[in-house]
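Next up, target_25.txt (compact mmCIF, C-alpha atoms):
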```txt
# COMPACT_ATOMS: atom_id res chain seq x y z
CA MET A 1 0.00 0.00 0.00
CA ILE A 2 1.38 3.38 -0.98
CA LYS A 3 1.59 5.89 1.80
CA ASN A 4 2.54 9.53 1.55
CA ILE A 5 4.54 10.23 4.70
CA PHE A 6 5.20 13.71 5.95
CA LEU A 7 7.55 13.26 8.87
CA ALA A 8 9.20 16.47 10.01
CA LEU A 9 11.67 16.25 12.85
CA PHE A 10 11.40 19.81 14.09
CA ALA A 11 13.73 21.05 16.77
CA PHE A 12 12.31 24.18 18.31
CA SER A 13 14.64 27.06 19.01
CA LEU A 14 15.19 28.21 22.56
CA VAL A 15 16.55 31.56 23.73
CA LEU A 16 20.14 30.43 23.33
CA ALA A 17 19.50 27.75 20.72
CA GLU A 18 19.00 27.78 16.96
CA PRO A 19 16.36 26.31 14.67
CA SER A 20 17.39 22.85 13.57
CA PHE A 21 17.12 20.58 10.55
CA SER A 22 14.19 18.45 9.43
CA LEU A 23 13.96 15.09 7.69
CA ILE A 24 10.85 14.56 5.58
CA LYS A 25 10.13 11.09 4.23
CA LYS A 26 7.55 10.81 1.47
CA GLY A 27 6.14 7.92 -0.51
CA GLU A 28 6.45 4.22 0.17
CA GLU A 29 8.01 2.86 3.33
CA ASN A 30 11.01 0.52 3.30
CA LYS A 31 11.85 1.29 -0.34
CA GLU A 32 15.07 2.60 -1.82
CA ALA A 33 14.92 6.37 -1.57
CA VAL A 34 16.31 9.40 -3.34
CA LEU A 35 17.81 11.73 -0.72
CA VAL A 36 17.69 15.45 -1.54
CA ILE A 37 19.62 17.92 0.62
CA GLY A 38 19.35 21.72 0.64
CA GLY A 39 20.54 24.49 2.90
CA THR A 40 24.06 23.25 3.64
CA GLN A 41 25.14 26.78 2.83
CA GLY A 42 22.66 29.33 4.12
CA ASP A 43 23.08 31.97 1.42
CA GLU A 44 21.84 29.69 -1.38
CA PRO A 45 18.03 30.10 -1.37
CA GLY A 46 17.52 28.47 -4.75
CA GLY A 47 18.73 25.23 -3.21
CA PHE A 48 16.88 25.23 0.09
CA PHE A 49 13.61 26.62 -1.28
CA SER A 50 13.67 23.96 -4.04
CA ALA A 51 14.10 21.19 -1.47
CA ASN A 52 11.35 22.74 0.62
CA LEU A 53 8.89 22.78 -2.29
CA LEU A 54 9.77 19.15 -2.95
CA ALA A 55 8.91 18.40 0.68
CA THR A 56 5.69 20.40 0.88
CA GLU A 57 4.15 20.58 -2.61
CA TYR A 58 4.93 17.16 -4.14
CA ASN A 59 3.03 13.93 -3.61
CA ILE A 60 5.05 10.77 -4.24
CA THR A 61 2.74 8.11 -5.69
CA LYS A 62 5.42 5.49 -6.35
CA GLY A 63 8.81 5.02 -4.75
CA ALA A 64 10.37 6.92 -1.86
CA LEU A 65 11.78 10.41 -1.43
CA TRP A 66 13.67 11.75 1.57
CA VAL A 67 14.27 15.49 1.86
CA VAL A 68 16.38 17.59 4.21
CA PRO A 69 15.64 21.16 3.09
CA ASN A 70 17.32 23.01 5.98
CA LEU A 71 20.48 21.19 7.00
CA ASN A 72 22.22 24.37 8.14
CA PHE A 73 19.14 26.19 9.44
CA PRO A 74 21.02 28.71 11.65
CA SER A 75 22.95 29.89 8.58
CA ILE A 76 19.78 30.02 6.46
CA VAL A 77 18.11 32.37 8.96
CA LYS A 78 21.23 34.54 9.03
CA ASN A 79 21.57 34.41 5.22
CA SER A 80 25.17 33.32 5.78
CA ARG A 81 27.24 30.83 3.81
CA GLY A 82 28.19 29.34 7.15
CA ALA A 83 27.55 30.91 10.52
CA ALA A 84 30.11 28.46 11.95
CA GLY A 85 32.21 28.14 8.79
CA ASP A 86 31.49 26.34 5.52
CA MET A 87 29.59 23.17 6.48
CA ASN A 88 30.32 21.62 3.08
CA ARG A 89 33.99 21.46 4.02
CA LYS A 90 33.45 19.46 7.21
CA PHE A 91 32.61 15.98 5.95
CA ALA A 92 36.11 14.52 6.08
CA LYS A 93 36.70 15.66 9.65
CA ILE A 94 34.79 17.70 12.22
CA SER A 95 35.41 18.47 15.88
CA PRO A 96 32.75 17.49 18.43
CA LYS A 97 33.01 21.10 19.62
CA ASP A 98 32.00 22.47 16.20
CA PRO A 99 28.45 23.96 16.22
CA ASP A 100 27.80 22.02 12.99
CA TYR A 101 28.79 18.67 14.50
CA LYS A 102 25.24 17.46 15.14
CA ALA A 103 23.95 18.36 11.66
CA VAL A 104 26.97 16.92 9.86
CA ASN A 105 26.80 13.62 11.69
CA PHE A 106 23.04 13.44 11.26
CA ILE A 107 23.32 13.79 7.50
CA LYS A 108 26.23 11.33 7.35
CA ASP A 109 24.05 8.75 9.09
CA THR A 110 21.20 9.55 6.72
CA ILE A 111 23.37 9.26 3.60
CA THR A 112 24.69 5.86 4.69
CA HIS A 113 21.24 4.50 5.60
CA LYS A 114 20.56 1.23 3.80
CA ASP A 115 17.45 2.64 2.10
CA VAL A 116 19.20 5.61 0.47
CA ALA A 117 19.84 4.82 -3.22
CA PHE A 118 21.56 8.07 -4.19
CA VAL A 119 21.99 11.66 -3.08
CA VAL A 120 21.26 15.00 -4.78
CA HIS A 121 22.85 18.04 -3.13
CA LEU A 122 21.46 21.46 -4.11
CA HIS A 123 23.50 24.67 -4.38
CA ASP A 124 23.50 28.16 -5.87
CA GLY A 125 26.88 29.00 -7.38
CA SER A 126 28.62 32.09 -8.69
CA GLY A 127 28.52 33.09 -12.35
CA PHE A 128 28.04 30.48 -15.06
CA TYR A 129 30.29 27.45 -15.33
CA ARG A 130 31.94 26.98 -18.71
CA PRO A 131 34.48 24.23 -19.55
CA LYS A 132 36.72 26.86 -21.20
CA PHE A 133 37.45 30.44 -20.12
CA ILE A 134 35.27 33.06 -21.77
CA ASP A 135 35.38 35.87 -19.22
CA ALA A 136 35.39 36.30 -15.44
CA LYS A 137 31.72 35.40 -15.15
CA HIS A 138 31.81 32.47 -17.61
CA SER A 139 34.73 30.20 -16.83
CA PRO A 140 35.87 26.85 -15.34
CA ALA A 141 36.28 28.64 -11.99
CA ARG A 142 32.55 29.35 -11.75
CA TRP A 143 29.94 27.01 -10.30
CA GLY A 144 26.59 28.38 -11.44
CA ASN A 145 24.27 26.38 -13.73
CA CYS A 146 26.02 23.05 -13.88
CA ALA A 147 25.63 19.44 -12.82
CA ILE A 148 28.52 18.33 -10.64
CA ILE A 149 30.02 14.89 -10.12
CA ASP A 150 33.19 13.89 -8.26
CA GLN A 151 34.11 11.17 -10.77
CA SER A 152 32.72 9.59 -13.91
CA GLU A 153 31.32 6.47 -12.27
CA LEU A 154 31.00 4.52 -9.08
CA LYS A 155 31.62 0.96 -10.19
CA GLY A 156 29.49 -1.92 -9.02
CA VAL A 157 26.80 0.32 -7.51
CA LYS A 158 23.24 0.87 -8.70
CA TYR A 159 22.87 4.38 -10.17
CA GLY A 160 26.68 4.57 -10.23
CA GLU A 161 26.78 5.84 -13.84
CA LEU A 162 27.41 9.35 -12.55
CA GLU A 163 28.42 11.01 -15.80
CA ILE A 164 25.67 9.35 -17.82
CA ASN A 165 22.99 10.34 -15.34
CA ALA A 166 24.31 13.89 -14.91
CA ASN A 167 24.33 14.37 -18.69
CA ARG A 168 20.73 13.19 -18.78
CA ILE A 169 19.86 15.92 -16.27
CA ILE A 170 21.74 18.53 -18.29
CA LYS A 171 19.94 17.56 -21.50
CA THR A 172 16.55 17.75 -19.75
CA ILE A 173 17.23 21.22 -18.33
CA ASN A 174 18.73 22.62 -21.53
CA GLU A 175 15.69 21.56 -23.55
CA LYS A 176 13.65 23.99 -21.44
CA ILE A 177 16.11 26.90 -21.45
CA LYS A 178 15.43 29.89 -23.70
CA ASP A 179 18.35 32.13 -22.69
CA LYS A 180 21.61 30.63 -24.02
CA GLU A 181 23.58 32.14 -21.15
CA HIS A 182 21.73 29.79 -18.78
CA ILE A 183 22.80 26.58 -20.57
CA TYR A 184 23.95 23.84 -18.20
CA HIS A 185 27.24 21.95 -18.50
CA LEU A 186 28.83 18.98 -16.76
CA LYS A 187 31.45 19.79 -14.14
CA ASN A 188 33.46 16.73 -13.12
CA THR A 189 35.64 17.86 -10.22
CA ARG A 190 37.72 14.64 -10.41
CA THR A 191 38.02 15.07 -6.69
CA ALA A 192 40.29 12.14 -5.83
CA GLU A 193 42.71 12.55 -8.73
CA LYS A 194 46.18 13.81 -7.89
CA ASP A 195 46.09 16.69 -10.38
CA SER A 196 42.56 17.78 -9.45
CA LYS A 197 42.11 21.51 -9.18
CA ASN A 198 39.25 20.88 -6.77
CA ALA A 199 41.03 19.06 -3.96
CA GLU A 200 38.94 20.92 -1.38
CA GLN A 201 36.05 18.74 -2.58
CA LEU A 202 37.65 15.92 -0.60
CA ASN A 203 35.90 17.50 2.39
CA SER A 204 32.50 17.82 0.71
CA LEU A 205 29.21 16.05 1.30
CA THR A 206 29.06 14.46 -2.16
CA TYR A 207 32.57 13.04 -1.90
CA PHE A 208 31.79 11.63 1.55
CA ALA A 209 28.83 9.85 -0.05
CA ILE A 210 31.04 8.50 -2.84
CA THR A 211 33.50 7.06 -0.30
CA LYS A 212 30.60 5.24 1.36
CA GLY A 213 29.47 3.67 -1.89
CA LYS A 214 26.54 6.06 -2.43
CA PRO A 215 26.15 7.77 -5.82
CA ALA A 216 26.00 11.52 -5.31
CA TYR A 217 25.26 14.47 -7.54
CA ALA A 218 25.24 18.22 -6.99
CA ASN A 219 22.98 20.55 -8.92
CA GLU A 220 23.96 24.20 -9.10
CA ALA A 221 21.89 27.19 -10.16
CA SER A 222 23.52 30.55 -10.80
CA LYS A 223 23.39 33.36 -8.26
CA GLU A 224 23.13 35.69 -11.25
CA LEU A 225 19.50 34.56 -11.64
CA ASP A 226 16.43 35.53 -9.65
CA VAL A 227 15.48 32.97 -7.02
CA TYR A 228 12.37 31.72 -8.86
CA THR A 229 14.41 30.90 -11.98
CA ARG A 230 17.01 29.13 -9.84
CA ILE A 231 14.29 27.02 -8.23
CA TYR A 232 12.84 26.29 -11.68
CA TYR A 233 16.12 24.80 -12.90
CA HIS A 234 16.64 22.88 -9.66
CA LEU A 235 13.16 21.35 -9.83
CA ILE A 236 13.58 20.31 -13.47
CA ALA A 237 16.73 18.49 -12.39
CA LEU A 238 15.11 16.96 -9.31
CA GLU A 239 12.14 15.65 -11.25
CA GLU A 240 14.48 13.95 -13.72
CA TYR A 241 16.55 12.44 -10.90
CA MET A 242 13.32 11.05 -9.46
CA ARG A 243 12.44 9.54 -12.84
CA ILE A 244 15.87 7.90 -12.98
CA ALA A 245 15.01 6.18 -9.70
CA GLY A 246 11.57 5.16 -10.97
CA LEU A 247 9.63 7.54 -8.73
CA GLU A 248 6.23 8.77 -9.79
CA PHE A 249 4.87 12.03 -8.41
CA GLU A 250 2.37 14.85 -8.55
CA ARG A 251 2.90 18.52 -7.71
CA SER A 252 0.48 21.24 -6.68
CA PHE A 253 1.71 24.00 -9.01
CA GLU A 254 2.77 24.70 -12.58
CA LEU A 255 6.49 24.16 -13.09
CA THR A 256 7.36 27.62 -14.39
CA PRO A 257 9.12 30.52 -12.62
CA LYS A 258 5.71 32.23 -12.32
CA GLY A 259 4.06 29.09 -10.93
CA ILE A 260 6.87 28.76 -8.41
CA GLU A 261 6.51 32.38 -7.33
CA GLU A 262 2.78 31.90 -6.77
CA VAL A 263 3.12 28.75 -4.68
CA MET A 264 5.88 30.29 -2.58
CA LYS A 265 3.67 33.24 -1.74
CA LYS A 266 0.74 31.19 -0.53
CA GLU A 267 -0.37 31.24 3.07
CA ILE A 268 1.84 29.58 5.67
CA ARG A 269 0.24 28.43 8.92
CA LEU A 270 2.01 28.42 12.24
CA SER A 271 0.45 27.01 15.40
CA LEU A 272 1.34 28.18 18.90
CA PHE A 273 0.74 26.82 22.40
CA ASP A 274 -0.76 23.39 21.70
CA ASP A 275 -2.87 24.69 18.80
CA ARG A 276 -4.59 27.36 20.89
CA PHE A 277 -3.27 30.21 18.74
CA LEU A 278 -2.92 30.28 14.95
CA LEU A 279 -0.98 32.59 12.69
CA ALA A 280 -1.94 32.39 9.01
CA LEU A 281 0.86 34.25 7.29
CA LYS A 282 0.29 35.62 3.81
CA ASP A 283 2.03 38.94 3.32
CA PRO A 284 1.79 39.61 7.07
CA ARG A 285 2.25 42.95 8.74
CA ALA A 286 5.75 43.84 9.93
CA SER A 287 4.75 43.08 13.51
CA ILE A 288 1.93 41.24 15.24
CA ASN A 289 1.53 42.40 18.82
CA TYR A 290 -0.05 41.29 22.09
CA ILE A 291 -0.17 37.59 21.38
CA PRO A 292 -1.50 35.78 24.47
CA THR A 293 1.43 33.81 25.81
CA PRO A 294 1.74 31.46 28.80
CA LYS A 295 3.73 32.93 31.64
CA TYR A 296 7.39 31.91 31.72
CA GLN A 297 7.22 30.56 28.17
CA GLN A 298 8.50 31.82 24.86
CA PHE A 299 7.23 31.61 21.30
CA SER A 300 10.42 29.94 20.12
CA SER A 301 9.86 26.86 22.28
CA ASN A 302 6.16 26.47 21.54
CA TYR A 303 5.38 26.39 17.84
CA GLN A 304 4.66 23.99 15.00
CA SER A 305 4.44 24.39 11.25
CA GLN A 306 4.14 21.89 8.42
CA ASN A 307 6.56 24.08 6.47
CA PRO A 308 10.09 23.03 7.51
CA LEU A 309 11.59 26.39 6.54
CA ILE A 310 9.53 28.25 9.14
CA ALA A 311 11.38 29.22 12.31
CA ILE A 312 10.69 31.46 15.29
CA VAL A 313 13.95 32.94 16.50
CA ASP A 314 14.74 35.03 19.57
CA GLU A 315 17.28 37.62 18.51
CA THR A 316 19.15 40.54 20.01
CA ARG A 317 19.77 43.47 17.70
CA LYS A 318 21.78 46.65 18.05
CA ASN A 319 20.76 50.02 16.68
CA LYS A 320 23.18 52.54 15.22
CA LYS A 321 23.97 53.83 18.71
CA GLY A 322 24.81 50.37 19.95
CA LYS A 323 21.70 49.97 22.11
CA GLU A 324 20.46 46.39 22.26
CA SER A 325 16.86 45.29 21.87
CA LYS A 326 15.35 41.82 21.99
CA GLU A 327 13.08 40.65 19.20
CA THR A 328 11.17 37.50 18.37
CA ASN A 329 11.08 37.05 14.61
CA ILE A 330 9.41 34.59 12.26
CA TYR A 331 11.48 33.50 9.27
CA TYR A 332 10.59 31.66 6.09
CA GLY A 333 14.01 30.42 5.12
CA ASN A 334 16.12 33.57 4.95
CA LYS A 335 13.07 35.83 4.60
CA LEU A 336 11.94 37.75 7.68
CA LEU A 337 8.14 37.49 7.65
CA THR A 338 7.16 39.35 10.80
CA SER A 339 8.05 40.14 14.39
CA ILE A 340 5.77 39.01 17.21
CA ARG A 341 5.35 40.34 20.74
CA PRO A 342 3.76 38.61 23.74
CA GLN A 343 1.17 39.55 26.31
CA TYR A 344 1.37 37.15 29.24
CA PHE A 345 -1.67 35.32 30.64
CA GLU A 346 -2.50 32.21 32.51
CA PHE A 347 -4.09 29.67 30.18
CA ALA A 348 -7.32 27.77 30.82
CA HIS A 349 -8.55 24.70 28.97
CA SER A 350 -12.23 24.60 29.91
CA LEU A 351 -13.41 25.52 26.39
CA PRO A 352 -12.08 23.95 23.15
CA ALA A 353 -14.31 25.77 20.66
CA ALA A 354 -16.83 28.56 20.16
CA SER A 355 -20.42 28.71 18.96
CA VAL A 356 -20.89 31.22 16.14
CA LYS A 357 -23.17 32.15 13.26
CA ILE A 358 -21.31 32.69 9.96
CA ASP A 359 -23.31 34.44 7.25
CA GLY A 360 -26.45 33.11 8.91
CA ARG A 361 -25.19 29.55 9.42
CA ASP A 362 -24.70 28.05 12.87
CA GLU A 363 -21.18 26.68 13.31
CA ILE A 364 -18.84 25.38 15.99
CA VAL A 365 -15.34 26.77 15.45
CA THR A 366 -12.39 24.98 17.02
CA PHE A 367 -9.72 27.16 18.57
CA GLY A 368 -6.53 27.45 16.55
CA SER A 369 -8.35 27.44 13.21
CA LYS A 370 -9.30 29.94 10.50
CA ILE A 371 -12.77 30.55 9.08
CA HIS A 372 -13.94 32.40 5.97
CA VAL A 373 -16.72 34.96 6.23
CA ASP A 374 -18.48 36.46 3.22
CA ASP A 375 -20.38 39.18 5.05
CA ASN A 376 -20.83 38.86 8.81
CA ILE A 377 -20.22 36.80 11.90
CA ILE A 378 -22.08 36.62 15.21
CA ILE A 379 -20.23 35.18 18.19
CA ASN A 380 -22.65 33.60 20.62
CA SER A 381 -22.23 34.55 24.25
CA GLN A 382 -21.19 31.92 26.78
CA LYS A 383 -21.26 32.09 30.55
CA ASN A 384 -18.05 33.36 32.16
CA VAL A 385 -16.38 33.89 28.78
CA ARG A 386 -15.16 37.24 27.47
CA VAL A 387 -14.69 37.69 23.73
CA ASN A 388 -12.21 40.13 22.21
CA VAL A 389 -12.44 40.74 18.47
CA ILE A 390 -9.15 42.51 17.97
CA GLY A 391 -9.78 45.91 16.40
CA TYR A 392 -13.58 45.81 16.71
CA GLU A 393 -15.26 49.00 17.81
CA ASN A 394 -18.80 49.11 19.19
CA PRO A 395 -20.30 51.98 21.24
CA SER A 396 -21.97 49.44 23.50
CA LYS A 397 -18.62 47.61 23.92
CA LYS A 398 -20.50 44.38 23.33
CA GLU A 399 -18.72 41.79 21.21
CA THR A 400 -21.09 38.82 21.47
CA ASP A 401 -24.59 38.32 20.06
CA VAL A 402 -24.04 41.18 17.61
CA LYS A 403 -23.52 41.08 13.87
CA ILE A 404 -19.92 42.00 12.97
CA THR A 405 -18.80 42.88 9.45
CA LYS A 406 -15.40 43.87 8.17
CA LYS A 407 -16.27 47.58 8.21
CA ASP A 408 -16.76 47.32 11.98
CA ILE A 409 -13.10 46.33 12.54
CA GLN A 410 -10.18 48.72 12.24
CA ARG A 411 -8.08 47.65 9.26
CA ASN A 412 -4.74 48.26 10.98
CA PHE A 413 -5.54 45.50 13.50
CA SER A 414 -5.49 42.79 10.82
CA ILE A 415 -2.53 40.41 10.82
CA ASP A 416 -2.12 40.79 7.04
CA LYS A 417 -1.31 43.85 4.96
CA ALA A 418 -4.40 43.30 2.82
CA GLY A 419 -6.56 43.98 5.88
CA LYS A 420 -8.67 40.82 5.62
CA ILE A 421 -7.59 38.50 8.48
CA PHE A 422 -8.50 39.32 12.08
CA ARG A 423 -8.14 37.65 15.49
CA VAL A 424 -11.03 36.60 17.72
CA GLU A 425 -9.86 35.73 21.25
CA PHE A 426 -11.65 34.10 24.18
CA TYR A 427 -10.93 34.51 27.89
CA GLU A 428 -12.24 32.72 30.95
CA GLN A 429 -13.62 35.14 33.55
CA GLU A 430 -13.87 34.43 37.23
CA ARG A 431 -14.85 37.06 39.78
CA GLY A 432 -11.90 38.48 41.65
CA LYS A 433 -9.33 36.85 39.36
CA LYS A 434 -7.47 37.89 36.24
CA ASP A 435 -8.79 36.66 32.94
CA LYS A 436 -7.31 33.41 31.61
CA PHE A 437 -6.73 32.84 27.90
CA LEU A 438 -8.85 30.04 26.42
CA GLY A 439 -8.03 30.17 22.73
CA MET A 440 -8.71 32.00 19.49
CA PHE A 441 -9.53 31.66 15.84
CA LEU A 442 -8.92 33.77 12.77
CA VAL A 443 -11.60 35.34 10.57
CA GLU A 444 -10.78 36.02 6.96
CA PHE A 445 -13.27 38.24 5.17
CA ALA A 446 -13.87 37.28 1.55
CA SER A 447 -13.62 40.75 0.04
CA LEU A 448 -12.78 44.35 0.79
CA LYS A 449 -16.19 45.74 -0.12
CA HIS A 450 -17.50 45.76 3.47
```

How does the structure come out when it is put into structure tokens?
Amino acid sequence: MIKNIFLALFAFSLVLAEPSFSLIKKGEENKEAVLVIGGTQGDEPGGFFSANLLATEYNITKGALWVVPNLNFPSIVKNSRGAAGDMNRKFAKISPKDPDYKAVNFIKDTITHKDVAFVVHLHDGSGFYRPKFIDAKHSPARWGNCAIIDQSELKGVKYGELEINANRIIKTINEKIKDKEHIYHLKNTRTAEKDSKNAEQLNSLTYFAITKGKPAYANEASKELDVYTRIYYHLIALEEYMRIAGLEFERSFELTPKGIEEVMKKEIRLSLFDDRFLLALKDPRASINYIPTPKYQQFSSNYQSQNPLIAIVDETRKNKKGKESKETNIYYGNKLLTSIRPQYFEFAHSLPAASVKIDGRDEIVTFGSKIHVDDNIIINSQKNVRVNVIGYENPSKKETDVKITKKDIQRNFSIDKAGKIFRVEFYEQERGKKDKFLGMFLVEFASLKH
């Protein structure tokens, strides 16, 4: 029986910790798998966003796919090649004291797993690789837009025809390229040869895989290109690598730079505090304030997202005068989405949902969810429960048993720049005690006409 597995091993960041890597396994269990790795170097978004789309927007209907889209997540968030040095030069030897030690050893164990058939490592490289020197941007010294192998073949190993397979990828990509400058070429680094000009590759991830009997390929897109075009070329290559392994798949978007841009801009959901609070992030405001937060807890240790490139990070920044300020920021890969700020409450769990009327229909809305409203919503009153529709203004100060439309809510209190998504929060009231937070849901109004 074919199963589509989405297993994300999220490690939540703490005040002094960093967001960590994820392993996503998709397709059939206990089958030979293609392993795709992105984010080894944090300033190569074409690579890690491509791996992330593979993990989140593809359905594997035959075969098995393993994806690690964020191997060096701390460097991705910092948009750094390597916050602790170049991780892709640490596979021959690494000190246990190195901050990258855990990630490097994790991926080594994954590469050598018995179910891994071959490895594809994704990168963005400088310029455009050419076998012969043309100019500074087009030369053998450049790494952009090429398929990389460490040697021509890995004898006696399934999928060991490295050069043959890499040339198949190149042909597939080049058939879809309109701009001749973008044409892909084969770059064989001949890593282990004595006269190799790429001896530093002895320390790389792909060469480590080769030494362990695992075929390994690197796909490079040029940093001269916009990120959507880079992802486009990476995904063409990845789909062909999957076909080589006999995988069958479906994707949720059109494989064009425009289709990629659209899918990358879709809403990302992030759940806080055991699903009591939801953030639906689609072009969010620069900051989202007064989020009910349990006392003595932090956002960065209490969140979940099905998108493995989402991270909540506690950061300390300095202004031009050197004054420090603490921030809690949400990142999508290397993109800062928004900053969030807490308001501390005790939490209560006496109510899991709310009774409402949406456009005249009676509904029960579970906390931590989002609902769509065409025209109006009425939140039914409940004993000892206070409702706060964030941004709602009513002369009577009543927020239950009244019809609420979008025009009744101040636009600047929405969580999105479009002014369509608003928070509805619920608090337990007990005489003589401070209110306790019960939960919330989001309301998205269908249009801006109200």

Up to 9 Å from (17.5, 25.9, 9.9) in the file's coordinates: name the residues, counting all atoms listed in the file, as a PDB file with C-alpha atoms, keeping the file's coordinate frame.
```pdb
ATOM      1  CA  GLU A  18      19.000  27.780  16.960  1.00  0.00           C
ATOM      2  CA  PRO A  19      16.360  26.310  14.670  1.00  0.00           C
ATOM      3  CA  SER A  20      17.390  22.850  13.570  1.00  0.00           C
ATOM      4  CA  PHE A  21      17.120  20.580  10.550  1.00  0.00           C
ATOM      5  CA  SER A  22      14.190  18.450   9.430  1.00  0.00           C
ATOM      6  CA  GLY A  39      20.540  24.490   2.900  1.00  0.00           C
ATOM      7  CA  GLY A  42      22.660  29.330   4.120  1.00  0.00           C
ATOM      8  CA  PRO A  69      15.640  21.160   3.090  1.00  0.00           C
ATOM      9  CA  ASN A  70      17.320  23.010   5.980  1.00  0.00           C
ATOM     10  CA  LEU A  71      20.480  21.190   7.000  1.00  0.00           C
ATOM     11  CA  ASN A  72      22.220  24.370   8.140  1.00  0.00           C
ATOM     12  CA  PHE A  73      19.140  26.190   9.440  1.00  0.00           C
ATOM     13  CA  PRO A  74      21.020  28.710  11.650  1.00  0.00           C
ATOM     14  CA  SER A  75      22.950  29.890   8.580  1.00  0.00           C
ATOM     15  CA  ILE A  76      19.780  30.020   6.460  1.00  0.00           C
ATOM     16  CA  VAL A  77      18.110  32.370   8.960  1.00  0.00           C
ATOM     17  CA  PRO A 308      10.090  23.030   7.510  1.00  0.00           C
ATOM     18  CA  LEU A 309      11.590  26.390   6.540  1.00  0.00           C
ATOM     19  CA  ILE A 310       9.530  28.250   9.140  1.00  0.00           C
ATOM     20  CA  ALA A 311      11.380  29.220  12.310  1.00  0.00           C
ATOM     21  CA  GLY A 333      14.010  30.420   5.120  1.00  0.00           C
TER      22      GLY A 333
END
```

For stretch 228-236 of chain A, list every protein, DNA or RNA residue within 9 Å, evaluated using all atoms listed in the file, and leave out those in the same chain fewer than 6 positions away; present the list as an mmCIF file with C-alpha atoms, in the frame of the given file.
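And here is the file that came out, part28.cif:
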```
data_model
loop_
_atom_site.group_PDB
_atom_site.id
_atom_site.type_symbol
_atom_site.label_atom_id
_atom_site.label_comp_id
_atom_site.auth_asym_id
_atom_site.auth_seq_id
_atom_site.Cartn_x
_atom_site.Cartn_y
_atom_site.Cartn_z
ATOM 1 C CA PRO A 45 18.030 30.100 -1.370
ATOM 2 C CA GLY A 46 17.520 28.470 -4.750
ATOM 3 C CA GLY A 47 18.730 25.230 -3.210
ATOM 4 C CA PHE A 48 16.880 25.230 0.090
ATOM 5 C CA PHE A 49 13.610 26.620 -1.280
ATOM 6 C CA SER A 50 13.670 23.960 -4.040
ATOM 7 C CA ALA A 51 14.100 21.190 -1.470
ATOM 8 C CA LEU A 53 8.890 22.780 -2.290
ATOM 9 C CA LEU A 54 9.770 19.150 -2.950
ATOM 10 C CA LEU A 122 21.460 21.460 -4.110
ATOM 11 C CA HIS A 123 23.500 24.670 -4.380
ATOM 12 C CA ASP A 124 23.500 28.160 -5.870
ATOM 13 C CA ASN A 145 24.270 26.380 -13.730
ATOM 14 C CA ILE A 169 19.860 15.920 -16.270
ATOM 15 C CA THR A 172 16.550 17.750 -19.750
ATOM 16 C CA ILE A 173 17.230 21.220 -18.330
ATOM 17 C CA LYS A 176 13.650 23.990 -21.440
ATOM 18 C CA ILE A 177 16.110 26.900 -21.450
ATOM 19 C CA ASN A 219 22.980 20.550 -8.920
ATOM 20 C CA GLU A 220 23.960 24.200 -9.100
ATOM 21 C CA ALA A 221 21.890 27.190 -10.160
ATOM 22 C CA SER A 222 23.520 30.550 -10.800
ATOM 23 C CA LEU A 255 6.490 24.160 -13.090
ATOM 24 C CA THR A 256 7.360 27.620 -14.390
ATOM 25 C CA PRO A 257 9.120 30.520 -12.620
ATOM 26 C CA LYS A 258 5.710 32.230 -12.320
ATOM 27 C CA GLY A 259 4.060 29.090 -10.930
ATOM 28 C CA ILE A 260 6.870 28.760 -8.410
ATOM 29 C CA GLU A 261 6.510 32.380 -7.330
#
```

Residues within 6 Å of A:Ile378, only C-alpha atoms, excluding chain neighbours under 2 positions, as a PyMOL selection string = chain A and resi 356-357+401-403

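Distance check against A:Val157 using all atoms listed in the file: of A:Val104, A:Lys212, A:Leu238, A:Ser196, the minimum falls on A:Lys212.
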
Å distance separating atom CA of A:Leu270 from atom CA of A:Asp100, one decimal place |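 Between these atoms lies a distance of 26.6 Å.
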
Suppose you want the space between atom CA of A:Lys434 and atom CA of A:Lys295; what is it in Å?
->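 According to the coordinates, atom CA of A:Lys434 and atom CA of A:Lys295 are separated by 13.1 Å.
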
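Among the candidate residues A:Thr338, A:Gln429, A:Gln297, A:Asn380, the one lying nearest to A:Ile358 is A:Asn380, with distances computed using only C-alpha atoms.
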
Taking all atoms listed in the file into account, which of A:Gln343, A:Thr400, A:Thr40, A:Gln306 comes nearest A:Ser271?
-> A:Gln306

Expected answer as JSON, numbers by chain: all residues with atoms within 8 Å of (-1.9, 40.2, 8.4), only C-alpha atoms = {"A": [280, 281, 282, 283, 284, 285, 288, 414, 415, 416, 417, 418, 419, 420, 421, 422]}
